[in-house]
Amino acid sequence: MAVTLIDNVNVMSMDPCQTDNGIERQTQLWIQDDKILAVGSPPAPPPVPDHHIDGTNRWALPGFIDCHTHLVYGGSRADEFRQRLSGTSYQDIARAGGGIQKTVRDTRNAGAEELLQHSLRRGRRLIEEGVTTLEIKSGYGLDQQTELTMLEVAARLGSQLPVNVSRTYLGAHTLPPEFEDDADGYIDFVCHTMIPTIAAGKHATAVDVFCETVGFTRAQAERVFAAAQQAGLAIKLHAEQLSDSKGAVLAAQYQACSVDHIEYLAADDIPMLAKAGCVAVLLPGAFYYLRESKKPPVAALRQHQVPMAVASDHNPGTSPICSLLTCATMACLEFGLTCEEALLGITSHAAQALQLSNKGRLRAGMDADVCLWDIREPADLIYEINGFRPTCRWVGGQYVDG
Ligand code: NIG
Ligand code: FE
């Protein structure tokens with residue numbers, strides 16, 4: 001058993017049950033093996049620490065959780081970025097066979113090694129800002145083999161980098177060319193072949209759907225949810241990103257763990273999300289890259305106490321951004337979150353969006369995913385873009401320098 005004591009450190013536990021997000025100054029943080037042993041005094045008699053770290057003038061925060069990414073993919077969409085800069089819309093590019101379809105072609109043509117190398121580069125960028133848990137979706141393969149390859153690459157990323165990876169099957173992202181004009185046939189394949197395979201092989205813990213005019217209908221999303229529920233997989237939804245398709249209502253009916261994007265979410269639908277315990281995941285990177293003007297209904301979400309998470313949505317089309325902290329800053333400037341809400345959004349609320357009840361908070365018994373920062377106060381991390389890196393971290397109790 002290995003015990004580490006970080007002494008004289010400022011802690012922001014991010015426990016929503018504590019006042020002030022659990023700020024305790026000049027206290028102790030104890031780690032035993034892969035868990036937090038104590039914040040403050042250790043249990044009596046105190047263990048003899050194997051490692052003693054001076055935390056003077058430093059802050060300990062939970063490692064950050066990026067709860068929505070599409071990190072594994074082939075190719076680039078820089079050409080479409082140029083087209084969009086000269087006025088073509090995301091939807092028009094998608095209807096002309098570009099967009100997600102273009103990345104599906106590039107991903108199918110890339111081998112696992114190539115996918116891994118590019119994903120490692122992007123993963124390192126996220127991690128260096130303090131991310132210790134990363135959700136990664138499939139959805140650029142669509143056929144069985146490429147979807148499973150994407151999820152396998154996501155798992156390899158988690159074993160090669162100091163990060164926990166949570167995997168989500170997003171087969172219902174767009175219609176693959178093999179099923180052109182047969183969306184229901186493709187949904188049959190997702191429900192009857194893919195979801196049972198994913199569940200049996202433990203390739204993912206959740207299922208996601210892109211419910212949108214350029215994605216899948218609510219009826220199709222419902223079939224996928226029913227199959228996911230039957231297979232014991234968690235449910236998530238890309239909802240109301242470009243229009244109010246009422247996907248969030250359906251997600252709430254199926255007790256989804258999160259609804260993501262939700263710029264077009266109607267205020268009337270928010271009480272249902274609150275009742276279902278569904279997390280609202282805000283994705284300001286996609287809002288920014290799409291030059292959207294419709295903002296998610298943050299004041300109403302706050303009023304109904306729907307937990308709000310913030311994620312990078314890293315993907316090659318609408319959010320090619322490798323910085324969760326920049327997204328947290330954007331959530332404040334663009335959507336009106338406070339610095340504290342943004343920090344909750346990338347810690348405890350993000351953990352809730354992934355149903356990771358042992359992560360996102362510094363409390364006895366939780367996983368020891370901790371970063372130490374040389375900052376005056378935690379708001380510095382949101383206030384200054386690209387200003388800070390953790391001085392050291394523990395991921396599942398394993399010490400990592402930087
Ligand atoms: O989260 N909305 C659907 N999926 C991604 C975009 C994927 C893409 O354009 O490649 C998103 O924005
Ligand atoms: Fe997304």
# chains A, B, ... in the order shown; residues from 1 in each chain; ligands from 1

$ closest_atom_pairs --of "range 169-275 of chain A" --to "range 80-94 of chain A" --cutoff "12 Å" --atoms "only C-alpha atoms" --output "tab-separated table"
residue	atom	partner	partner_atom	distance
A:Thr174	CA	A:Ala94	CA	9.7
A:Leu175	CA	A:Ala94	CA	11.1
A:Glu212	CA	A:Gln91	CA	10.7
A:Thr213	CA	A:Gln91	CA	9.1
A:Val214	CA	A:Gln91	CA	7.0
A:Gly215	CA	A:Ala94	CA	9.9
A:Gln241	CA	A:Gln91	CA	11.8
A:Leu242	CA	A:Gln91	CA	9.2
A:Ser243	CA	A:Gln91	CA	11.6

$ residues_near_ligand --ligand "ligand 2" --cutoff "10 Å" --atoms "only C-alpha atoms and all ligand atoms" --output "MDAnalysis selection string"
chainID A and resid 68:71 136:137 139 170 173 208:210 237:239 241 260:261 283 286 311:315 317:319

$ write_last_selection --atoms "N, CA and C atoms" --output "mmCIF file, in the first residue's frame"
data_model
loop_
_atom_site.group_PDB
_atom_site.id
_atom_site.type_symbol
_atom_site.label_atom_id
_atom_site.label_comp_id
_atom_site.auth_asym_id
_atom_site.auth_seq_id
_atom_site.Cartn_x
_atom_site.Cartn_y
_atom_site.Cartn_z
ATOM 1 N N HIS A 68 -17.289 14.708 -23.767
ATOM 2 C CA HIS A 68 -17.871 14.565 -25.114
ATOM 3 C C HIS A 68 -16.780 14.876 -26.129
ATOM 4 N N THR A 69 -16.209 13.823 -26.734
ATOM 5 C CA THR A 69 -15.254 14.050 -27.827
ATOM 6 C C THR A 69 -15.458 12.994 -28.921
ATOM 7 N N HIS A 70 -14.999 13.384 -30.116
ATOM 8 C CA HIS A 70 -14.918 12.451 -31.254
ATOM 9 C C HIS A 70 -13.436 12.452 -31.644
ATOM 10 N N LEU A 71 -12.583 12.006 -30.725
ATOM 11 C CA LEU A 71 -11.140 12.216 -30.889
ATOM 12 C C LEU A 71 -10.494 11.331 -31.949
ATOM 13 N N ILE A 136 -14.660 9.160 -25.540
ATOM 14 C CA ILE A 136 -14.399 9.122 -26.983
ATOM 15 C C ILE A 136 -15.527 8.343 -27.657
ATOM 16 N N LYS A 137 -16.109 8.942 -28.700
ATOM 17 C CA LYS A 137 -17.210 8.303 -29.427
ATOM 18 C C LYS A 137 -16.695 7.658 -30.714
ATOM 19 N N GLY A 139 -18.358 6.466 -34.581
ATOM 20 C CA GLY A 139 -19.312 7.201 -35.404
ATOM 21 C C GLY A 139 -18.751 7.700 -36.730
ATOM 22 N N LEU A 170 -21.454 5.557 -31.268
ATOM 23 C CA LEU A 170 -22.288 6.542 -31.973
ATOM 24 C C LEU A 170 -22.520 6.061 -33.409
ATOM 25 N N HIS A 173 -24.787 8.206 -36.314
ATOM 26 C CA HIS A 173 -24.195 9.541 -36.480
ATOM 27 C C HIS A 173 -24.623 10.107 -37.828
ATOM 28 N N ASP A 208 -24.885 6.704 -28.243
ATOM 29 C CA ASP A 208 -25.266 8.083 -28.551
ATOM 30 C C ASP A 208 -25.925 8.092 -29.929
ATOM 31 N N VAL A 209 -26.738 9.122 -30.187
ATOM 32 C CA VAL A 209 -27.425 9.274 -31.477
ATOM 33 C C VAL A 209 -27.354 10.751 -31.870
ATOM 34 N N PHE A 210 -27.207 11.030 -33.163
ATOM 35 C CA PHE A 210 -27.295 12.406 -33.663
ATOM 36 C C PHE A 210 -28.727 12.603 -34.171
ATOM 37 N N LEU A 237 -27.409 11.758 -25.990
ATOM 38 C CA LEU A 237 -28.001 12.245 -27.238
ATOM 39 C C LEU A 237 -27.391 13.575 -27.685
ATOM 40 N N HIS A 238 -27.025 13.649 -28.982
ATOM 41 C CA HIS A 238 -26.746 14.937 -29.625
ATOM 42 C C HIS A 238 -28.127 15.531 -29.925
ATOM 43 N N ALA A 239 -28.530 16.513 -29.144
ATOM 44 C CA ALA A 239 -29.917 16.993 -29.234
ATOM 45 C C ALA A 239 -29.986 18.492 -29.470
ATOM 46 N N GLN A 241 -29.142 20.623 -31.662
ATOM 47 C CA GLN A 241 -27.941 21.400 -32.016
ATOM 48 C C GLN A 241 -28.257 22.451 -33.075
ATOM 49 N N ASP A 260 -26.658 16.648 -25.209
ATOM 50 C CA ASP A 260 -25.484 17.445 -25.534
ATOM 51 C C ASP A 260 -25.771 18.400 -26.692
ATOM 52 N N HIS A 261 -25.209 19.581 -26.631
ATOM 53 C CA HIS A 261 -25.370 20.731 -27.550
ATOM 54 C C HIS A 261 -26.505 21.615 -27.031
ATOM 55 N N LEU A 283 -21.496 22.696 -25.420
ATOM 56 C CA LEU A 283 -20.362 22.486 -26.316
ATOM 57 C C LEU A 283 -20.059 23.789 -27.067
ATOM 58 N N ALA A 286 -18.318 23.933 -30.749
ATOM 59 C CA ALA A 286 -19.121 23.748 -31.961
ATOM 60 C C ALA A 286 -19.941 25.007 -32.255
ATOM 61 N N ALA A 311 -17.873 20.482 -22.463
ATOM 62 C CA ALA A 311 -16.916 19.560 -23.093
ATOM 63 C C ALA A 311 -16.362 20.184 -24.371
ATOM 64 N N SER A 312 -15.300 19.569 -24.893
ATOM 65 C CA SER A 312 -14.660 20.140 -26.100
ATOM 66 C C SER A 312 -15.401 19.761 -27.371
ATOM 67 N N ASP A 313 -16.133 18.618 -27.356
ATOM 68 C CA ASP A 313 -16.738 18.078 -28.582
ATOM 69 C C ASP A 313 -15.679 17.947 -29.676
ATOM 70 N N HIS A 314 -14.425 17.696 -29.286
ATOM 71 C CA HIS A 314 -13.394 17.678 -30.323
ATOM 72 C C HIS A 314 -13.842 16.787 -31.491
ATOM 73 N N ASN A 315 -13.901 17.356 -32.682
ATOM 74 C CA ASN A 315 -14.218 16.602 -33.898
ATOM 75 C C ASN A 315 -13.690 17.395 -35.088
ATOM 76 N N GLY A 317 -15.050 18.444 -37.815
ATOM 77 C CA GLY A 317 -15.938 19.325 -38.566
ATOM 78 C C GLY A 317 -16.341 20.569 -37.799
ATOM 79 N N THR A 318 -16.994 20.364 -36.662
ATOM 80 C CA THR A 318 -17.601 21.507 -35.992
ATOM 81 C C THR A 318 -16.829 21.983 -34.758
ATOM 82 N N SER A 319 -15.800 21.229 -34.359
ATOM 83 C CA SER A 319 -15.087 21.667 -33.156
ATOM 84 C C SER A 319 -13.664 21.103 -33.119
#

$ select_by_dssp --residues "range 81-203 of chain A" --states "strand (DSSP E)" --output "PyMOL selection string"
chain A and resi 131-137+164-172

$ residues_around --residues "range 107-122 of chain A" --least-positions-apart "2" --cutoff "6 Å" --atoms "only C-alpha atoms" --output "list in words"
Val72, Tyr73, Gly74, Thr103, Val104, Arg105, Arg124, Arg125, Gly141 and Val153 of chain A

$ write_last_selection --atoms "N, CA and C atoms" --output "mmCIF file, in the first residue's frame"
data_model
loop_
_atom_site.group_PDB
_atom_site.id
_atom_site.type_symbol
_atom_site.label_atom_id
_atom_site.label_comp_id
_atom_site.auth_asym_id
_atom_site.auth_seq_id
_atom_site.Cartn_x
_atom_site.Cartn_y
_atom_site.Cartn_z
ATOM 1 N N VAL A 72 -11.115 10.169 -32.207
ATOM 2 C CA VAL A 72 -10.499 9.200 -33.139
ATOM 3 C C VAL A 72 -11.141 9.362 -34.526
ATOM 4 N N TYR A 73 -10.349 9.757 -35.513
ATOM 5 C CA TYR A 73 -10.873 9.865 -36.888
ATOM 6 C C TYR A 73 -9.712 9.986 -37.865
ATOM 7 N N GLY A 74 -9.997 9.752 -39.120
ATOM 8 C CA GLY A 74 -8.983 9.917 -40.157
ATOM 9 C C GLY A 74 -9.175 11.253 -40.873
ATOM 10 N N THR A 103 -15.443 12.439 -43.396
ATOM 11 C CA THR A 103 -14.593 11.836 -42.360
ATOM 12 C C THR A 103 -14.808 10.326 -42.292
ATOM 13 N N VAL A 104 -16.023 9.856 -42.617
ATOM 14 C CA VAL A 104 -16.259 8.405 -42.658
ATOM 15 C C VAL A 104 -15.355 7.783 -43.740
ATOM 16 N N ARG A 105 -15.300 8.410 -44.905
ATOM 17 C CA ARG A 105 -14.434 7.863 -45.975
ATOM 18 C C ARG A 105 -12.976 7.844 -45.511
ATOM 19 N N ARG A 124 -2.813 14.065 -26.348
ATOM 20 C CA ARG A 124 -1.754 14.702 -25.528
ATOM 21 C C ARG A 124 -2.066 16.169 -25.296
ATOM 22 N N ARG A 125 -2.563 16.840 -26.312
ATOM 23 C CA ARG A 125 -2.893 18.271 -26.155
ATOM 24 C C ARG A 125 -3.955 18.455 -25.069
ATOM 25 N N GLY A 141 -17.004 5.346 -38.607
ATOM 26 C CA GLY A 141 -16.752 4.105 -39.339
ATOM 27 C C GLY A 141 -18.070 3.608 -39.909
ATOM 28 N N VAL A 153 -9.034 1.633 -30.864
ATOM 29 C CA VAL A 153 -8.011 2.691 -30.840
ATOM 30 C C VAL A 153 -8.227 3.576 -29.607
#

$ closest_residue --among "A:Leu126, A:Ala252, A:Ala172, A:Val395" --to "ligand 1" --atoms "only C-alpha atoms and all ligand atoms"
A:Ala172

$ closest_residue --among "A:Thr146, A:Cys392, A:Cys211, A:Asp380" --to "Ile6 in chain A" --atoms "only C-alpha atoms"
A:Cys392

$ residues_around --residues "range 54-66 of chain A" --least-positions-apart "3" --cutoff "6 Å" --atoms "only C-alpha atoms" --output "CSV table (one decimal) with C-alpha atoms, in the first residue's frame"
chain,number,residue,atom,x,y,z
A,6,ILE,CA,0.2,16.6,-0.1
A,7,ASP,CA,0.7,19.1,2.7
A,8,ASN,CA,-0.3,22.7,3.2
A,9,VAL,CA,-2.3,22.7,-0.1
A,10,ASN,CA,-5.4,24.6,-1.1
A,11,VAL,CA,-8.1,22.3,-2.2
A,12,MET,CA,-11.2,22.9,-4.4
A,130,GLY,CA,-5.1,18.6,-16.8
A,131,VAL,CA,-7.6,16.2,-18.4
A,132,THR,CA,-7.5,12.9,-16.7
A,133,THR,CA,-10.7,11.4,-18.1
A,134,LEU,CA,-11.8,11.5,-21.7
A,311,ALA,CA,-16.9,19.6,-23.1
A,346,ILE,CA,-15.4,20.0,-16.4
A,347,THR,CA,-15.3,18.0,-13.1
A,350,ALA,CA,-18.9,15.9,-16.4
A,360,GLY,CA,-14.8,14.5,-10.6
A,361,ARG,CA,-14.6,15.3,-6.9
A,362,LEU,CA,-11.9,15.2,-4.2
A,369,ASP,CA,-7.4,11.7,-10.2
A,370,VAL,CA,-5.8,14.9,-9.0
A,371,CYS,CA,-3.9,17.8,-10.5
A,372,LEU,CA,-1.7,20.3,-8.7
A,373,TRP,CA,-1.6,23.9,-10.1
A,374,ASP,CA,0.6,26.9,-9.3

$ residues_around --residues "Asn386 in chain A" --least-positions-apart "2" --cutoff "12 Å" --atoms "only C-alpha atoms" --output "ChimeraX atom specification"
/A:125-126,128-130,322-329,380-384,388-390

$ write_last_selection --atoms "C-alpha atoms" --output "PDB file, in the first residue's frame"
ATOM      1  CA  ARG A 125      -2.893  18.271 -26.155  1.00  0.00           C
ATOM      2  CA  LEU A 126      -6.052  17.727 -24.073  1.00  0.00           C
ATOM      3  CA  GLU A 128      -1.477  18.519 -20.908  1.00  0.00           C
ATOM      4  CA  GLU A 129      -4.101  20.963 -19.635  1.00  0.00           C
ATOM      5  CA  GLY A 130      -5.129  18.647 -16.810  1.00  0.00           C
ATOM      6  CA  CYS A 322      -7.883  20.509 -28.406  1.00  0.00           C
ATOM      7  CA  SER A 323      -8.383  22.583 -25.271  1.00  0.00           C
ATOM      8  CA  LEU A 324     -11.051  21.837 -22.690  1.00  0.00           C
ATOM      9  CA  LEU A 325     -10.081  24.885 -20.622  1.00  0.00           C
ATOM     10  CA  THR A 326     -10.592  27.166 -23.634  1.00  0.00           C
ATOM     11  CA  CYS A 327     -14.072  25.655 -24.017  1.00  0.00           C
ATOM     12  CA  ALA A 328     -14.707  26.362 -20.327  1.00  0.00           C
ATOM     13  CA  THR A 329     -13.707  29.998 -20.880  1.00  0.00           C
ATOM     14  CA  ASP A 380      -7.260  31.835 -12.987  1.00  0.00           C
ATOM     15  CA  LEU A 381      -7.698  28.655 -15.052  1.00  0.00           C
ATOM     16  CA  ILE A 382     -10.819  30.029 -16.717  1.00  0.00           C
ATOM     17  CA  TYR A 383      -9.708  33.654 -16.871  1.00  0.00           C
ATOM     18  CA  GLU A 384      -6.402  33.157 -18.671  1.00  0.00           C
ATOM     19  CA  PHE A 388      -1.302  27.187 -17.041  1.00  0.00           C
ATOM     20  CA  ARG A 389      -0.348  23.546 -16.972  1.00  0.00           C
ATOM     21  CA  PRO A 390      -0.556  21.291 -13.916  1.00  0.00           C
TER      22      PRO A 390
END

$ closest_residue --among "A:Tyr186, A:Tyr289, A:Trp394, A:Tyr140" --to "Asn164 in chain A" --atoms "only C-alpha atoms"
A:Trp394

$ select_by_dssp --residues "range 169-296 of chain A" --states "alpha helix (DSSP H)" --output "MDAnalysis selection string"
chainID A and resid 183:189 195:200 218:230 247:253 270:276 284:289

$ write_last_selection --atoms "C-alpha atoms" --output "mmCIF file, in the first residue's frame"
data_model
loop_
_atom_site.group_PDB
_atom_site.id
_atom_site.type_symbol
_atom_site.label_atom_id
_atom_site.label_comp_id
_atom_site.auth_asym_id
_atom_site.auth_seq_id
_atom_site.Cartn_x
_atom_site.Cartn_y
_atom_site.Cartn_z
ATOM 1 C CA ALA A 183 -32.249 4.845 -42.843
ATOM 2 C CA ASP A 184 -34.574 2.374 -41.119
ATOM 3 C CA GLY A 185 -32.555 -0.529 -42.516
ATOM 4 C CA TYR A 186 -29.406 1.026 -41.052
ATOM 5 C CA ILE A 187 -31.123 1.524 -37.687
ATOM 6 C CA ASP A 188 -32.073 -2.195 -37.797
ATOM 7 C CA PHE A 189 -28.363 -2.986 -38.215
ATOM 8 C CA ILE A 195 -25.530 -2.805 -30.050
ATOM 9 C CA PRO A 196 -25.556 -6.478 -28.964
ATOM 10 C CA THR A 197 -21.960 -6.864 -30.259
ATOM 11 C CA ILE A 198 -20.814 -3.691 -28.461
ATOM 12 C CA ALA A 199 -22.452 -4.806 -25.215
ATOM 13 C CA ALA A 200 -21.212 -8.412 -25.379
ATOM 14 C CA ARG A 218 -36.791 11.009 -33.110
ATOM 15 C CA ALA A 219 -38.495 7.715 -33.995
ATOM 16 C CA GLN A 220 -35.167 6.279 -35.123
ATOM 17 C CA ALA A 221 -33.423 7.590 -31.999
ATOM 18 C CA GLU A 222 -36.105 5.907 -29.895
ATOM 19 C CA ARG A 223 -35.425 2.528 -31.484
ATOM 20 C CA VAL A 224 -31.713 2.918 -30.723
ATOM 21 C CA PHE A 225 -32.473 3.938 -27.123
ATOM 22 C CA ALA A 226 -34.695 0.903 -26.599
ATOM 23 C CA ALA A 227 -31.965 -1.415 -27.915
ATOM 24 C CA ALA A 228 -29.323 0.298 -25.756
ATOM 25 C CA GLN A 229 -31.504 0.049 -22.682
ATOM 26 C CA GLN A 230 -32.127 -3.622 -23.308
ATOM 27 C CA GLY A 247 -34.828 14.896 -28.924
ATOM 28 C CA ALA A 248 -34.237 16.047 -25.355
ATOM 29 C CA VAL A 249 -37.808 15.097 -24.388
ATOM 30 C CA LEU A 250 -37.220 11.594 -25.695
ATOM 31 C CA ALA A 251 -33.836 11.413 -23.950
ATOM 32 C CA ALA A 252 -35.479 12.366 -20.657
ATOM 33 C CA GLN A 253 -38.130 9.668 -21.143
ATOM 34 C CA ILE A 270 -36.222 21.661 -19.174
ATOM 35 C CA PRO A 271 -38.296 20.432 -16.175
ATOM 36 C CA MET A 272 -38.342 16.946 -17.741
ATOM 37 C CA LEU A 273 -34.545 16.929 -17.906
ATOM 38 C CA ALA A 274 -34.359 17.999 -14.263
ATOM 39 C CA LYS A 275 -36.740 15.226 -13.245
ATOM 40 C CA ALA A 276 -34.800 12.602 -15.199
ATOM 41 C CA PRO A 284 -19.233 26.055 -27.019
ATOM 42 C CA GLY A 285 -16.505 24.916 -29.442
ATOM 43 C CA ALA A 286 -19.121 23.748 -31.961
ATOM 44 C CA PHE A 287 -21.191 26.894 -31.370
ATOM 45 C CA TYR A 288 -18.112 28.994 -32.110
ATOM 46 C CA TYR A 289 -16.910 27.109 -35.193
#

$ residues_around --residues "Ser138 in chain A" --least-positions-apart "2" --cutoff "6 Å" --atoms "only C-alpha atoms" --output "PyMOL selection string"
chain A and resi 147+150+169-170

$ atom_distance --atom1 "CA of Ile36 in chain A" --atom2 "CA of His349 in chain A"
18.8 Å

$ closest_residue --among "A:Ala342, A:Gln144, A:Tyr264, A:Ala2" --to "Met330 in chain A" --atoms "only C-alpha atoms"
A:Ala342

$ atom_distance --atom1 "CA of Pro47 in chain A" --atom2 "CA of Lys359 in chain A"
23.6 Å

$ residues_around --residues "Asp33 in chain A" --least-positions-apart "3" --cutoff "12 Å" --atoms "only C-alpha atoms" --output "list of chain:residue names"
A:Met1, A:Ala2, A:Val3, A:Thr4, A:Leu5, A:Trp30, A:Ile36, A:Leu37, A:Pro49, A:Asp50, A:His51, A:Gly365, A:Met366, A:Asp367, A:Ala368, A:Asp369, A:Trp394, A:Val395, A:Gly396, A:Gly397, A:Gln398, A:Tyr399

$ write_last_selection --atoms "C-alpha atoms" --output "mmCIF file, in the first residue's frame"
data_model
loop_
_atom_site.group_PDB
_atom_site.id
_atom_site.type_symbol
_atom_site.label_atom_id
_atom_site.label_comp_id
_atom_site.auth_asym_id
_atom_site.auth_seq_id
_atom_site.Cartn_x
_atom_site.Cartn_y
_atom_site.Cartn_z
ATOM 1 C CA MET A 1 0.000 0.000 0.000
ATOM 2 C CA ALA A 2 1.429 3.384 -1.013
ATOM 3 C CA VAL A 3 0.429 6.558 0.772
ATOM 4 C CA THR A 4 1.078 10.108 -0.443
ATOM 5 C CA LEU A 5 0.563 13.229 1.648
ATOM 6 C CA TRP A 30 -4.026 12.109 1.379
ATOM 7 C CA ILE A 36 -8.352 9.642 -2.080
ATOM 8 C CA LEU A 37 -7.865 8.671 1.562
ATOM 9 C CA PRO A 49 3.315 8.585 4.129
ATOM 10 C CA ASP A 50 5.665 7.021 1.599
ATOM 11 C CA HIS A 51 5.728 10.297 -0.330
ATOM 12 C CA GLY A 365 -13.082 7.090 -1.347
ATOM 13 C CA MET A 366 -13.093 8.741 -4.774
ATOM 14 C CA ASP A 367 -10.586 7.792 -7.482
ATOM 15 C CA ALA A 368 -7.271 9.604 -7.027
ATOM 16 C CA ASP A 369 -7.356 11.673 -10.236
ATOM 17 C CA TRP A 394 -2.065 11.546 -10.139
ATOM 18 C CA VAL A 395 -4.196 9.411 -12.427
ATOM 19 C CA GLY A 396 -5.792 6.505 -10.585
ATOM 20 C CA GLY A 397 -3.219 7.159 -7.848
ATOM 21 C CA GLN A 398 -0.272 6.876 -10.280
ATOM 22 C CA TYR A 399 2.049 9.868 -10.058
#

$ closest_residue --among "A:Leu290, A:Leu354, A:Met308, A:Val207" --to "ligand 1" --atoms "only C-alpha atoms and all ligand atoms"
A:Leu290

$ closest_residue --among "A:Arg376, A:His192, A:Arg291, A:Arg302" --to "Ala231 in chain A" --atoms "only C-alpha atoms"
A:His192
